[in-house]
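Participant: For reference, this is model.cif, and it has mmCIF, C-alpha atoms.
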data_work
loop_
_atom_site.label_atom_id
_atom_site.label_comp_id
_atom_site.auth_asym_id
_atom_site.auth_seq_id
_atom_site.Cartn_x
_atom_site.Cartn_y
_atom_site.Cartn_z
CA MET A 1 75.10 -112.98 -67.30
CA THR A 2 72.35 -110.68 -66.13
CA ASN A 3 70.88 -108.21 -68.61
CA HIS A 4 72.76 -105.44 -66.82
CA LYS A 5 76.10 -107.19 -67.29
CA GLN A 6 75.30 -108.01 -70.91
CA GLN A 7 74.45 -104.39 -71.51
CA LYS A 8 77.68 -103.20 -69.92
CA ALA A 9 79.68 -105.70 -71.95
CA ALA A 10 78.04 -104.42 -75.12
CA ILE A 11 78.77 -100.82 -74.14
CA ARG A 12 82.42 -101.60 -73.44
CA ALA A 13 82.76 -103.48 -76.71
CA ARG A 14 81.49 -100.41 -78.53
CA MET A 15 83.87 -98.17 -76.53
CA LYS A 16 86.77 -100.36 -77.58
CA LYS A 17 85.67 -100.34 -81.20
CA THR A 18 84.81 -96.65 -81.55
CA GLY A 19 86.88 -94.97 -78.87
CA GLU A 20 83.74 -93.33 -77.50
CA HIS A 21 83.33 -92.48 -73.84
CA TYR A 22 81.07 -94.68 -71.77
CA ILE A 23 78.13 -92.30 -71.76
CA THR A 24 78.22 -91.85 -75.53
CA ALA A 25 78.59 -95.55 -76.20
CA ARG A 26 75.75 -96.28 -73.80
CA LEU A 27 73.44 -93.97 -75.67
CA HIS A 28 74.11 -95.94 -78.87
CA VAL A 29 73.69 -99.35 -77.24
CA VAL A 30 70.76 -98.62 -74.97
CA GLY A 31 69.18 -95.72 -76.76
CA MET A 32 67.73 -92.66 -75.13
CA PRO A 33 66.40 -93.42 -71.67
CA ASN A 34 62.67 -93.66 -71.12
CA PRO A 35 61.70 -91.28 -68.34
CA LYS A 36 58.55 -93.25 -67.51
CA ALA A 37 60.49 -96.49 -67.13
CA ASN A 38 63.02 -95.13 -64.65
CA PRO A 39 62.63 -91.54 -63.56
CA LYS A 40 66.02 -91.47 -61.83
CA VAL A 41 67.83 -92.35 -65.05
CA GLY A 42 65.40 -90.94 -67.53
CA ALA A 43 65.46 -87.39 -66.36
CA GLU A 44 68.03 -85.28 -68.12
CA MET A 45 71.11 -85.64 -65.98
CA PRO A 46 72.19 -82.27 -64.68
CA PHE A 47 75.62 -80.85 -65.28
CA GLY A 48 77.11 -77.40 -65.24
CA ARG A 49 77.67 -74.79 -62.61
CA GLY A 50 75.03 -72.46 -61.29
CA ALA A 51 75.94 -69.86 -58.72
CA GLU A 52 78.02 -71.91 -56.30
CA HIS A 53 80.15 -75.02 -56.73
CA THR A 54 78.97 -77.26 -53.91
CA ALA A 55 75.34 -76.11 -54.16
CA SER A 56 75.44 -77.04 -57.85
CA LEU A 57 76.80 -80.50 -57.05
CA LEU A 58 74.21 -81.05 -54.34
CA THR A 59 71.47 -80.01 -56.76
CA HIS A 60 72.79 -82.59 -59.20
CA LEU A 61 73.09 -85.22 -56.47
CA LEU A 62 69.47 -84.71 -55.39
CA GLY A 63 68.32 -84.70 -59.01
CA ARG A 64 70.08 -87.97 -59.73
CA SER A 65 68.48 -89.55 -56.67
CA GLY A 66 65.03 -88.62 -57.95
CA ALA A 67 64.40 -86.27 -55.03
CA THR A 68 61.78 -83.59 -55.48
CA ASN A 69 60.83 -80.66 -53.29
CA PRO A 70 57.42 -81.42 -51.76
CA ALA A 71 56.81 -77.69 -51.55
CA THR A 72 57.04 -77.26 -55.32
CA ARG A 73 56.58 -80.85 -56.53
CA ALA A 74 59.58 -80.30 -58.76
CA PRO A 75 63.27 -81.17 -58.54
CA PHE A 76 65.19 -78.98 -56.13
CA THR A 77 66.66 -75.89 -57.75
CA GLU A 78 70.09 -74.53 -56.88
CA PRO A 79 68.74 -71.52 -54.95
CA GLU A 80 66.64 -73.93 -52.89
CA VAL A 81 69.62 -76.16 -52.27
CA LEU A 82 71.80 -73.20 -51.32
CA GLY A 83 69.21 -71.84 -48.92
CA LEU A 84 68.29 -75.18 -47.40
CA SER A 85 71.93 -76.12 -46.86
CA GLY A 86 72.51 -73.03 -44.73
CA GLY A 87 72.32 -70.15 -47.17
CA ILE A 88 74.67 -67.22 -47.14
CA GLY A 89 77.39 -66.57 -44.61
CA PHE A 90 80.67 -64.78 -44.15
CA MET A 91 84.18 -65.71 -43.09
CA GLY A 92 87.18 -63.53 -43.71
CA LEU A 93 90.80 -64.47 -43.04
CA LEU A 94 94.19 -63.44 -44.27
CA PHE A 95 96.82 -66.17 -44.05
CA ASP A 96 100.46 -65.24 -43.88
CA TYR A 97 102.72 -68.19 -44.66
CA LYS A 98 106.43 -67.76 -44.60
CA GLY A 99 107.83 -67.75 -48.13
CA HIS A 100 104.42 -67.24 -49.75
CA LEU A 101 102.31 -64.30 -50.73
CA PRO A 102 99.57 -63.50 -48.19
CA ILE A 103 96.43 -65.47 -48.98
CA ILE A 104 93.02 -63.85 -48.53
CA THR A 105 90.16 -66.26 -47.98
CA LEU A 106 86.59 -65.00 -47.89
CA VAL A 107 83.74 -67.50 -47.66
CA MET A 108 80.38 -66.05 -48.63
CA ARG A 109 78.25 -69.14 -48.11
CA SER A 110 77.14 -70.93 -44.97
CA HIS A 111 80.22 -71.97 -43.10
CA PRO A 112 81.69 -74.04 -41.40
CA ALA A 113 78.84 -76.56 -41.07
CA PRO A 114 79.14 -78.98 -44.02
CA MET A 115 76.54 -78.04 -46.61
CA ALA A 116 75.73 -81.59 -47.71
CA ASN A 117 74.99 -82.94 -44.24
CA SER A 118 73.04 -79.83 -43.30
CA LEU A 119 70.88 -80.16 -46.39
CA LEU A 120 70.28 -83.91 -46.33
CA ASP A 121 69.65 -84.02 -42.58
CA ARG A 122 67.21 -81.18 -42.90
CA LEU A 123 65.29 -82.85 -45.72
CA GLY A 124 65.28 -86.19 -43.94
CA VAL A 125 66.42 -88.17 -46.97
CA ASN A 126 68.04 -91.56 -46.52
CA TYR A 127 71.74 -91.12 -47.15
CA VAL A 128 75.11 -92.29 -45.93
CA THR A 129 78.26 -90.43 -45.02
CA GLU A 130 81.34 -92.63 -45.05
CA GLN A 131 84.87 -91.91 -44.00
CA THR A 132 87.80 -94.25 -43.82
CA GLY A 133 91.54 -94.01 -43.70
CA SER A 134 91.79 -97.10 -45.89
CA GLY A 135 92.09 -96.37 -49.59
CA SER A 136 91.03 -99.88 -50.56
CA LYS A 137 87.91 -99.74 -48.40
CA ALA A 138 87.07 -96.34 -49.80
CA ALA A 139 87.47 -97.59 -53.37
CA ALA A 140 85.38 -100.70 -52.72
CA SER A 141 82.60 -98.64 -51.18
CA LEU A 142 82.61 -96.22 -54.11
CA ASP A 143 82.31 -99.14 -56.54
CA ALA A 144 79.42 -100.60 -54.59
CA HIS A 145 77.50 -97.34 -54.68
CA LEU A 146 78.18 -96.80 -58.39
CA ASP A 147 77.09 -100.35 -59.17
CA ALA A 148 73.87 -99.59 -57.31
CA GLY A 149 73.34 -96.61 -59.60
CA ARG A 150 74.13 -93.95 -57.01
CA ALA A 151 76.18 -90.87 -57.71
CA CYS A 152 78.65 -90.18 -54.90
CA LEU A 153 79.76 -86.85 -53.51
CA LEU A 154 83.47 -87.13 -52.73
CA THR A 155 85.79 -84.71 -51.01
CA VAL A 156 89.18 -84.69 -52.67
CA GLY A 157 92.33 -82.59 -52.63
CA ARG A 158 91.77 -80.03 -55.35
CA GLY A 159 95.36 -80.16 -56.52
CA GLY A 160 94.95 -83.87 -57.25
CA LEU A 161 92.53 -83.19 -60.09
CA PRO A 162 94.43 -82.97 -63.38
CA HIS A 163 92.15 -80.30 -64.83
CA HIS A 164 92.81 -77.89 -61.95
CA VAL A 165 95.84 -75.66 -61.61
CA VAL A 166 96.31 -75.00 -57.91
CA PRO A 167 99.25 -73.44 -56.05
CA GLU A 168 101.22 -76.09 -54.21
CA ILE A 169 100.30 -74.63 -50.84
CA GLU A 170 96.61 -75.21 -51.61
CA ALA A 171 96.92 -78.62 -53.28
CA GLY A 172 95.29 -80.40 -50.35
CA GLU A 173 92.36 -78.00 -50.13
CA ALA A 174 89.15 -79.95 -49.61
CA TYR A 175 87.10 -79.84 -52.80
CA ASP A 176 83.82 -81.55 -53.65
CA ILE A 177 83.16 -83.52 -56.81
CA LEU A 178 80.41 -85.90 -57.83
CA VAL A 179 81.37 -89.29 -59.24
CA VAL A 180 78.54 -90.14 -61.61
CA ASP A 181 79.61 -93.31 -63.38
CA ARG A 182 82.26 -95.93 -63.76
CA GLU A 183 83.52 -95.67 -67.30
CA ASN A 184 85.45 -98.92 -66.98
CA SER A 185 87.64 -100.59 -64.39
CA ALA A 186 90.32 -97.94 -64.84
CA SER A 187 88.38 -94.69 -65.08
CA VAL A 188 85.34 -92.84 -63.77
CA GLY A 189 83.16 -90.01 -64.96
CA ILE A 190 83.02 -87.09 -62.55
CA ASP A 191 80.78 -84.07 -62.33
CA ASP A 192 82.99 -81.09 -61.54
CA VAL A 193 80.31 -78.59 -62.62
CA ALA A 194 81.54 -78.69 -66.21
CA SER A 195 78.96 -78.97 -69.00
CA SER A 196 79.43 -82.74 -69.15
CA ALA A 197 81.18 -85.53 -67.28
CA THR A 198 84.96 -85.35 -67.03
CA VAL A 199 86.70 -88.70 -67.32
CA ILE A 200 89.66 -89.28 -65.03
CA SER A 201 91.60 -92.40 -64.25
CA ARG A 202 90.81 -94.35 -61.17
CA SER A 203 94.35 -93.98 -59.90
CA THR A 204 94.10 -90.20 -60.27
CA LEU A 205 90.85 -90.18 -58.33
CA ASP A 206 92.32 -92.33 -55.57
CA ALA A 207 95.34 -90.02 -55.31
CA ALA A 208 93.09 -86.95 -55.19
CA ARG A 209 91.11 -88.53 -52.36
CA ARG A 210 94.32 -89.22 -50.45
CA ALA A 211 95.45 -85.63 -50.98
CA SER A 212 92.67 -84.36 -48.73
CA THR A 213 93.98 -85.99 -45.59
CA LYS A 214 91.60 -84.36 -43.14
CA THR A 215 88.47 -85.61 -44.86
CA LYS A 216 89.54 -89.28 -44.92
CA ASN A 217 88.11 -90.37 -48.26
CA GLU A 218 84.76 -88.85 -47.41
CA LEU A 219 81.84 -90.10 -49.49
CA ILE A 220 78.18 -89.12 -49.38
CA ALA A 221 75.55 -91.09 -51.28
CA ILE A 222 71.77 -90.86 -51.26
CA ILE A 223 70.11 -94.23 -50.74
CA ASP A 224 66.57 -92.96 -51.19
CA GLY A 225 65.78 -89.42 -52.28
CA GLY A 226 62.38 -89.34 -50.63
CA VAL A 227 62.01 -86.17 -48.53
CA THR A 228 60.47 -87.04 -45.16
CA THR A 229 60.51 -83.64 -43.42
CA ASN A 230 57.66 -81.16 -43.59
CA PRO A 231 58.54 -78.26 -45.95
CA THR A 232 57.56 -75.62 -43.40
CA GLU A 233 59.97 -77.19 -40.96
CA TYR A 234 62.94 -77.43 -43.28
CA TYR A 235 62.51 -73.93 -44.66
CA GLN A 236 62.24 -72.46 -41.15
CA HIS A 237 65.17 -74.43 -39.85
CA ALA A 238 67.34 -73.40 -42.80
CA ILE A 239 66.62 -69.69 -42.40
CA GLU A 240 67.33 -69.94 -38.69
CA GLN A 241 70.69 -71.48 -39.45
CA THR A 242 71.53 -68.64 -41.83
CA VAL A 243 70.62 -66.02 -39.25
CA ALA A 244 72.66 -67.85 -36.62
CA ASN A 245 75.63 -68.14 -39.00
CA LEU A 246 75.67 -64.40 -39.40
CA THR A 247 74.93 -63.35 -35.84
CA GLU A 248 76.11 -66.00 -33.38
CA PRO A 249 79.39 -67.77 -32.58
CA VAL A 250 79.85 -70.74 -34.87
CA LEU A 251 82.99 -72.35 -33.51
CA GLY A 252 82.97 -71.40 -29.87
CA ASN A 253 86.56 -70.20 -29.93
CA ALA A 254 88.63 -67.14 -30.80
CA PHE A 255 88.19 -67.62 -34.55
CA ASP A 256 84.55 -66.65 -34.25
CA VAL A 257 85.57 -63.03 -34.66
CA ASN A 258 86.17 -63.82 -38.34
CA PHE A 259 82.63 -65.07 -38.99
CA GLY A 260 79.34 -63.40 -39.76
CA ILE A 261 78.59 -59.75 -39.09
CA ARG A 262 81.50 -59.55 -36.65
CA GLY A 263 83.78 -60.89 -39.37
CA MET A 264 82.62 -58.17 -41.75
CA GLU A 265 83.38 -55.55 -39.11
CA LYS A 266 86.83 -57.02 -38.60
CA LEU A 267 87.47 -57.13 -42.33
CA ALA A 268 86.56 -53.45 -42.72
CA ALA A 269 88.78 -52.54 -39.77
CA SER A 270 91.71 -54.57 -41.13
CA LEU A 271 91.38 -52.96 -44.55
CA ARG A 272 91.69 -49.51 -42.92
CA ASP A 273 94.34 -50.42 -40.34
CA THR A 274 97.43 -48.44 -41.34
CA ARG A 275 98.89 -48.44 -37.82
CA THR A 276 99.62 -52.08 -37.01
CA LYS A 277 101.51 -54.86 -38.76
CA LYS A 278 98.31 -56.88 -38.97
CA GLY A 279 96.58 -54.23 -41.07
CA TRP A 280 96.08 -55.14 -44.68
CA PRO A 281 97.84 -51.99 -45.96
CA HIS A 282 100.96 -53.28 -44.23
CA VAL A 283 100.58 -56.97 -45.10
CA LEU A 284 99.83 -56.18 -48.75
CA VAL A 285 102.30 -53.34 -49.16
CA ALA A 286 104.48 -55.17 -51.73
CA PRO A 287 103.05 -54.67 -55.25
CA ASP A 288 102.90 -58.40 -55.99
CA ALA A 289 101.21 -59.10 -52.66
CA PHE A 290 98.69 -56.33 -53.31
CA ALA A 291 97.92 -57.52 -56.82
CA PHE A 292 97.60 -61.16 -55.73
CA GLY A 293 95.48 -60.15 -52.78
CA MET A 294 93.04 -58.11 -54.84
CA VAL A 295 92.66 -60.86 -57.44
CA ARG A 296 92.02 -63.33 -54.67
CA LEU A 297 89.55 -60.99 -52.97
CA HIS A 298 87.63 -60.64 -56.19
CA GLN A 299 87.66 -64.41 -56.81
CA CYS A 300 86.38 -65.12 -53.33
CA LEU A 301 83.53 -62.62 -53.68
CA THR A 302 82.41 -63.89 -57.05
CA ASN A 303 83.45 -67.52 -57.47
CA ASP A 304 85.55 -69.39 -54.91
CA TYR A 305 83.60 -70.32 -51.78
CA GLY A 306 80.77 -68.22 -53.08
CA GLY A 307 79.22 -67.05 -56.30
CA PRO A 308 78.10 -64.00 -58.26
CA SER A 309 77.45 -60.98 -56.03
CA ALA A 310 78.59 -63.03 -53.04
CA LEU A 311 75.59 -65.36 -53.49
CA ARG A 312 73.17 -62.77 -52.10
CA PRO A 313 70.91 -62.62 -55.20
CA THR A 314 70.74 -66.43 -55.27
CA TYR A 315 69.73 -66.43 -51.62
CA ALA A 316 67.12 -63.78 -52.38
CA THR A 317 65.61 -66.18 -54.91
CA PHE A 318 65.46 -68.83 -52.19
CA LEU A 319 63.70 -66.40 -49.84
CA ARG A 320 61.06 -65.60 -52.44
CA GLY A 321 60.30 -69.32 -52.64
CA ALA A 322 60.35 -69.66 -48.87
CA ALA A 323 57.79 -66.87 -48.58
CA THR A 324 55.31 -69.04 -50.48
CA VAL A 325 55.84 -71.94 -48.08
CA LEU A 326 56.09 -70.31 -44.67
CA PRO A 327 52.68 -69.27 -43.32
CA ASN A 328 53.77 -65.75 -42.38
CA GLY A 329 56.82 -65.36 -44.59
CA ALA A 330 60.00 -64.68 -42.75
CA GLY A 331 57.95 -63.27 -39.89
CA CYS A 332 57.03 -66.85 -38.95
CA LEU A 333 60.44 -67.13 -37.37
CA ARG A 334 59.45 -64.56 -34.78
CA GLN A 335 56.80 -66.89 -33.40
CA PRO A 336 58.09 -69.03 -30.52
CA THR A 337 56.28 -72.11 -31.79
CA CYS A 338 58.20 -71.92 -35.02
CA SER A 339 61.58 -72.20 -33.36
CA THR A 340 63.52 -75.23 -34.53
CA ARG A 341 66.91 -74.00 -33.47
CA PRO A 342 69.16 -77.00 -32.93
CA ALA A 343 70.19 -77.86 -29.43
CA ARG A 344 73.79 -77.50 -28.35
CA ARG A 345 75.47 -80.87 -28.46
CA GLY A 346 78.81 -81.24 -26.72
CA SER A 347 81.57 -79.62 -28.74
CA THR A 348 79.36 -79.21 -31.78
CA PRO A 349 79.27 -75.58 -32.85
CA PRO A 350 76.04 -74.03 -31.62
CA ASN A 351 74.39 -73.24 -34.92
CA TRP A 352 75.00 -76.51 -36.63
CA PRO A 353 71.95 -78.41 -37.74
CA SER A 354 70.85 -81.10 -35.39
CA ARG A 355 70.54 -84.59 -36.72
CA PRO A 356 67.13 -86.19 -36.57
CA PRO A 357 67.09 -89.10 -34.10
CA ASP A 358 66.81 -91.65 -36.88
CA HIS A 359 69.52 -90.27 -39.12
CA ARG A 360 71.05 -92.84 -41.40
CA CYS A 361 74.58 -91.58 -41.58
CA ARG A 362 77.25 -94.10 -40.92
CA THR A 363 80.99 -94.04 -40.98
CA LEU A 364 83.54 -96.64 -41.73
CA ARG A 365 85.83 -95.29 -39.05
CA SER A 366 85.55 -91.65 -38.18
CA PRO A 367 82.51 -89.88 -36.81
CA PRO A 368 80.27 -87.96 -39.18
CA HIS A 369 80.86 -84.25 -39.60
CA ALA A 370 84.58 -84.80 -39.28
CA ARG A 371 85.02 -81.98 -41.76
CA HIS A 372 83.87 -79.47 -39.21
CA SER A 373 87.39 -78.16 -38.75
CA ILE A 374 86.96 -76.05 -41.93
CA SER A 375 86.83 -77.69 -45.28
CA VAL A 376 87.89 -74.74 -47.34
CA GLY A 377 90.89 -72.52 -47.25
CA THR A 378 94.39 -73.68 -46.93
CA PRO A 379 95.33 -77.07 -45.52
CA SER A 380 97.45 -75.94 -42.63
CA TRP A 381 95.15 -73.22 -41.38
CA PRO A 382 95.46 -73.87 -37.65
CA ALA A 383 99.21 -73.66 -37.82
CA ALA A 384 99.26 -70.50 -39.87
CA THR A 385 98.87 -66.97 -38.63
CA PRO A 386 95.41 -65.64 -39.39
CA ARG A 387 95.31 -61.89 -39.15
CA MET B 388 53.07 -60.01 -45.93
CA ALA B 389 54.23 -63.54 -46.73
CA GLY B 390 55.93 -62.33 -49.87
CA GLY B 391 56.55 -58.83 -48.58
CA ASP B 392 59.27 -59.66 -46.13
CA ALA B 393 61.04 -61.79 -48.67
CA GLU B 394 60.86 -59.06 -51.29
CA VAL B 395 62.36 -56.54 -48.89
CA VAL B 396 65.03 -59.02 -47.90
CA ALA B 397 65.67 -59.86 -51.51
CA THR B 398 66.53 -56.24 -52.14
CA GLU B 399 68.48 -55.79 -48.96
CA VAL B 400 70.72 -58.80 -49.36
CA ARG B 401 72.11 -57.62 -52.69
CA VAL B 402 74.96 -56.19 -50.74
CA ALA B 403 78.28 -57.20 -52.14
CA ASP B 404 78.49 -55.66 -55.59
CA GLU B 405 80.14 -52.48 -54.38
CA ALA B 406 82.91 -54.39 -52.63
CA ILE B 407 83.34 -56.59 -55.68
CA ALA B 408 83.60 -53.58 -57.96
CA SER B 409 86.14 -51.98 -55.65
CA ALA B 410 88.25 -55.13 -55.57
CA ARG B 411 88.07 -55.47 -59.34
CA ALA B 412 89.16 -51.89 -59.82
CA ALA B 413 91.93 -52.34 -57.28
CA TYR B 414 93.65 -55.09 -59.23
CA ALA B 415 92.62 -54.11 -62.74
CA ASP B 416 94.45 -50.80 -62.52
CA ASP B 417 98.01 -50.10 -61.59
CA PRO B 418 97.87 -50.11 -57.78
CA GLY B 419 100.37 -47.28 -57.61
CA PRO B 420 102.35 -46.29 -54.53
CA PRO B 421 101.44 -47.46 -51.00
CA HIS B 422 99.27 -44.47 -50.20
CA GLU B 423 97.14 -45.18 -53.27
CA GLN B 424 96.89 -48.81 -52.23
CA GLU B 425 95.65 -47.64 -48.84
CA GLU B 426 92.99 -45.54 -50.55
CA ARG B 427 91.87 -48.53 -52.58
CA LEU B 428 91.70 -50.75 -49.53
CA SER B 429 89.80 -48.05 -47.70
CA ALA B 430 87.29 -47.91 -50.56
CA ILE B 431 86.75 -51.65 -50.20
CA ALA B 432 86.33 -51.18 -46.46
CA ASP B 433 83.64 -48.56 -47.12
CA ALA B 434 81.81 -51.01 -49.36
CA VAL B 435 82.10 -53.78 -46.78
CA GLU B 436 80.72 -51.43 -44.12
CA ARG B 437 77.75 -50.52 -46.28
CA ALA B 438 77.17 -54.17 -47.05
CA ARG B 439 77.34 -55.05 -43.38
CA THR B 440 74.82 -52.38 -42.46
CA ARG B 441 72.35 -53.56 -45.04
CA GLU B 442 72.90 -57.20 -44.13
CA VAL B 443 72.09 -56.43 -40.51
CA ALA B 444 68.85 -54.83 -41.66
CA ALA B 445 68.03 -57.89 -43.73
CA ILE B 446 68.74 -60.24 -40.83
CA ASP B 447 66.40 -58.24 -38.63
CA LEU B 448 63.66 -58.97 -41.12
CA LEU B 449 64.40 -62.68 -41.04
CA ARG B 450 64.41 -63.02 -37.28
#
Kindly return the structure encoded in the file as structure tokens.
Facilitator:
Amino acid sequence: MTNHKQQKAAIRARMKKTGEHYITARLHVVGMPNPKANPKVGAEMPFGRGAEHTASLLTHLLGRSGATNPATRAPFTEPEVLGLSGGIGFMGLLFDYKGHLPIITLVMRSHPAPMANSLLDRLGVNYVTEQTGSGSKAAASLDAHLDAGRACLLTVGRGGLPHHVVPEIEAGEAYDILVVDRENSASVGIDDVASSATVISRSTLDAARRASTKTKNELIAIIDGGVTTNPTEYYQHAIEQTVANLTEPVLGNAFDVNFGIRGMEKLAASLRDTRTKKGWPHVLVAPDAFAFGMVRLHQCLTNDYGGPSALRPTYATFLRGAATVLPNGAGCLRQPTCSTRPARRGSTPPNWPSRPPDHRCRTLRSPPHARHSISVGTPSWPAATPR
Amino acid sequence: MAGGDAEVVATEVRVADEAIASARAAYADDPGPPHEQEERLSAIADAVERARTREVAAIDLLR
């Protein structure tokens, strides 16, 4: 056996004897990691939620890969990750499903471009995006990455996670988690922005992956966390994407009216619309619908698809950092030579980040960015009646 | 002005707290009859409008 296999065998023997989780048993067998020996493992592994769920996971993913921000020579912080993945945004919709209370969905972060791909493309790190309709292929690929010491960002159906209580209608909602370790052949440790790893069975994980049918077992793993893009370029590009998210069409179809500044105007108008059946006063007239709607509105503004104060203070922190990197602060974006706005590519929404020519994304079956059809909200959005 | 723009933007983009407070108040209290619900929704709309106005100003600084 190799040393690695001997070590794992010793860890599992201790788990069996003591009932400890893998991470705890490993600490006893291996001892505390030596940061100088292996900086990827030795650094304190990040857990916990910051301002926003996916930004927190991406911060952890970058940290585990050993990536550092060349602009600060330190690991990426969550405000940096939020800003560099597209920053703030706005989408407002009210779904009206027959037999269910109206569901308000507000997204206060960059949307609908996938945050992970936007961030990793922009930084120029070596990573893979994999999608497959085959559960066995997806499981084998996950194992291979974990064996190589890579944490994997997975998109699962939120309702498939045993520690989440989700209304049935939203059970298939795409939800990101980080798989950080294989506890044993039957269970894995996941980072779901709790204060430590959550252990779930492998069969539960596989079922949760299947529950998000649109995302096809999506997996993102960083092969090499080295940032290859110039900081000035990735800060500029990120801020441009944020501005475009808020001011330009993002989908190229009728739903664009729900995004950005136009979406905020529509939301305000809908809230005041007492004349038509699409007005919120009419849709939410029943007391239970009103109460549910207001709770949901508050959740969306502070937690779901966003964070405290709709993520604006977190983005402000990012901008303060950007001002130290960009030669003329935000004003640099007014200079024509600073423009890095991505080119329009076929049906790709106009303000999505362009991929560098040598991007390393690959798919097992489906093309990358297959999540572009909205990864949050309710699963049957196109068939529902957005107001 | 490298930090100046960002500082102005940092202030301007703190835009959502009023809407959040309105939403919290709207569900924390008894919503009352429909006309009171309309008033509460209208208050949220006012907050969204103010937030939108300030966000537009912030975006102008970023462009």
Participant: Quick one, how far is CA of Gln424 (chain B) from CA of Glu170 (chain A)?
Facilitator: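 Interatomic distance, CA of Gln424 (chain B) to CA of Glu170 (chain A): 26.4 Å.
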Participant: Have a look at A:Met108, A:Asp176, A:Ala116, A:His145 and name the one nearest to chain B; count all atoms listed in the file.
Facilitator: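 Of A:Met108, A:Asp176, A:Ala116, A:His145, the one nearest chain B, counting all atoms listed in the file, is A:Met108.
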Participant: Could you give me, as CSV, every chain A residue with an atom at most 8 Å from chain B, plus its closest atom pair and distance in Å to one decimal, counting all atoms listed in the file, rows ordered by chain then number?
Facilitator:
residue,atom,partner,partner_atom,distance
A:Ile239,CA,B:Leu449,CA,7.5
A:Glu240,CA,B:Arg450,CA,7.6
A:Val243,CA,B:Ile446,CA,6.3
A:Ile261,CA,B:Arg439,CA,6.5
A:Met264,CA,B:Arg439,CA,6.3
A:Glu265,CA,B:Glu436,CA,7.0
A:Leu267,CA,B:Ala432,CA,7.3
A:Ala268,CA,B:Ala432,CA,4.4
A:Ala269,CA,B:Ala432,CA,7.3
A:Leu271,CA,B:Leu428,CA,5.5
A:Arg272,CA,B:Ser429,CA,5.3
A:Thr274,CA,B:Glu425,CA,7.7
A:Trp280,CA,B:Leu428,CA,7.9
A:Pro281,CA,B:Glu425,CA,5.7
A:Val285,CA,B:Pro421,CA,6.2
A:Pro287,CA,B:Pro418,CA,7.4
A:Phe290,CA,B:Pro418,CA,7.7
A:Ala291,CA,B:Tyr414,CA,5.5
A:Met294,CA,B:Tyr414,CA,5.4
A:Val295,CA,B:Tyr414,CA,6.1
A:Leu297,CA,B:Ala410,CA,6.5
A:His298,CA,B:Ala410,CA,5.6
A:Leu301,CA,B:Ile407,CA,6.4
A:Thr302,CA,B:Ile407,CA,7.5
A:Ser309,CA,B:Asp404,CA,5.4
A:Ala310,CA,B:Ala403,CA,5.9
A:Arg312,CA,B:Arg401,CA,5.3
A:Pro313,CA,B:Arg401,CA,5.7
A:Tyr315,CA,B:Ala397,CA,7.7
A:Ala316,CA,B:Ala397,CA,4.3
A:Thr317,CA,B:Ala397,CA,7.2
A:Leu319,CA,B:Ala393,CA,5.4
A:Arg320,CA,B:Ala393,CA,5.4
A:Ala322,CA,B:Ala393,CA,7.9
A:Ala323,CA,B:Gly390,CA,5.1
A:Thr324,CA,B:Ala389,CA,6.7
A:Leu326,CA,B:Ala389,CA,7.3
A:Pro327,CA,B:Ala389,CA,6.8
A:Asn328,CA,B:Ala389,CA,4.9
A:Gly329,CA,B:Ala389,CA,3.8
A:Ala330,CA,B:Leu449,CA,5.1
A:Gly331,CA,B:Leu449,CA,6.6
A:Leu333,CA,B:Arg450,CA,5.7
A:Arg334,CA,B:Arg450,CA,5.8
Participant: Give me, as a count of residues only, all polymer residues having an atom no more than 12 Å from region 155-159 of chain A, counting only C-alpha atoms and skipping those fewer than 5 positions away in the same chain.
Facilitator: 50
Participant: So how many Å separate CA of Gly92 (chain A) and CA of Tyr235 (chain A), to one decimal?
Facilitator: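 According to the coordinates, CA of Gly92 (chain A) and CA of Tyr235 (chain A) are separated by 26.8 Å.
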Participant: When the PyMOL selection byres ((chain A and resi 79) around 8) is applied to the file above, which residues end up in the set, as a ChimeraX atom specification?
Facilitator: /A:77-78,80-83,314-315,317-318
Participant: Any chance you could export the current selection's C-alpha atoms as a CSV table (one decimal), keeping the file's coordinate frame?
Facilitator:
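The resulting result33.csv:
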chain,number,residue,atom,x,y,z
A,77,THR,CA,66.7,-75.9,-57.8
A,78,GLU,CA,70.1,-74.5,-56.9
A,80,GLU,CA,66.6,-73.9,-52.9
A,81,VAL,CA,69.6,-76.2,-52.3
A,82,LEU,CA,71.8,-73.2,-51.3
A,83,GLY,CA,69.2,-71.8,-48.9
A,314,THR,CA,70.7,-66.4,-55.3
A,315,TYR,CA,69.7,-66.4,-51.6
A,317,THR,CA,65.6,-66.2,-54.9
A,318,PHE,CA,65.5,-68.8,-52.2
Participant: Please write as a ChimeraX atom specification the full residue list that the PyMOL selection byres ((chain A and resi 103) around 9) yields on this file.
Facilitator: /A:93-97,100-102,104-105,289,292-293,296,378
Participant: So that I can check the surroundings of Gly226 (chain A), please list as a VMD selection string every protein, DNA and RNA residue that reaches within 10 Å of it, counting only C-alpha atoms and ignoring chain neighbours fewer than 5 positions away.
Facilitator: chain A and resid 62 65 to 70 123 to 126
Participant: CA of Arg14 (chain A) and CA of Gly149 (chain A), how far apart in Å?
Facilitator: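 Between CA of Gly149 (chain A) and CA of Arg14 (chain A) the gap is 21.0 Å.
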Participant: I'd like to see the residues matched by the PyMOL selection byres ((chain A and resi 197) around 9) on this file, and ideally I'd get them as a PyMOL selection string.
Facilitator: chain A and resi 23+47+179-181+189-196+198-199
Participant: Between A:Leu84, A:Ala51, A:Cys152, A:Val107, single out the one closest to Ile222 (chain A), counting only C-alpha atoms.
Facilitator: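 Closest to Ile222 (chain A) of all the choices is A:Cys152.
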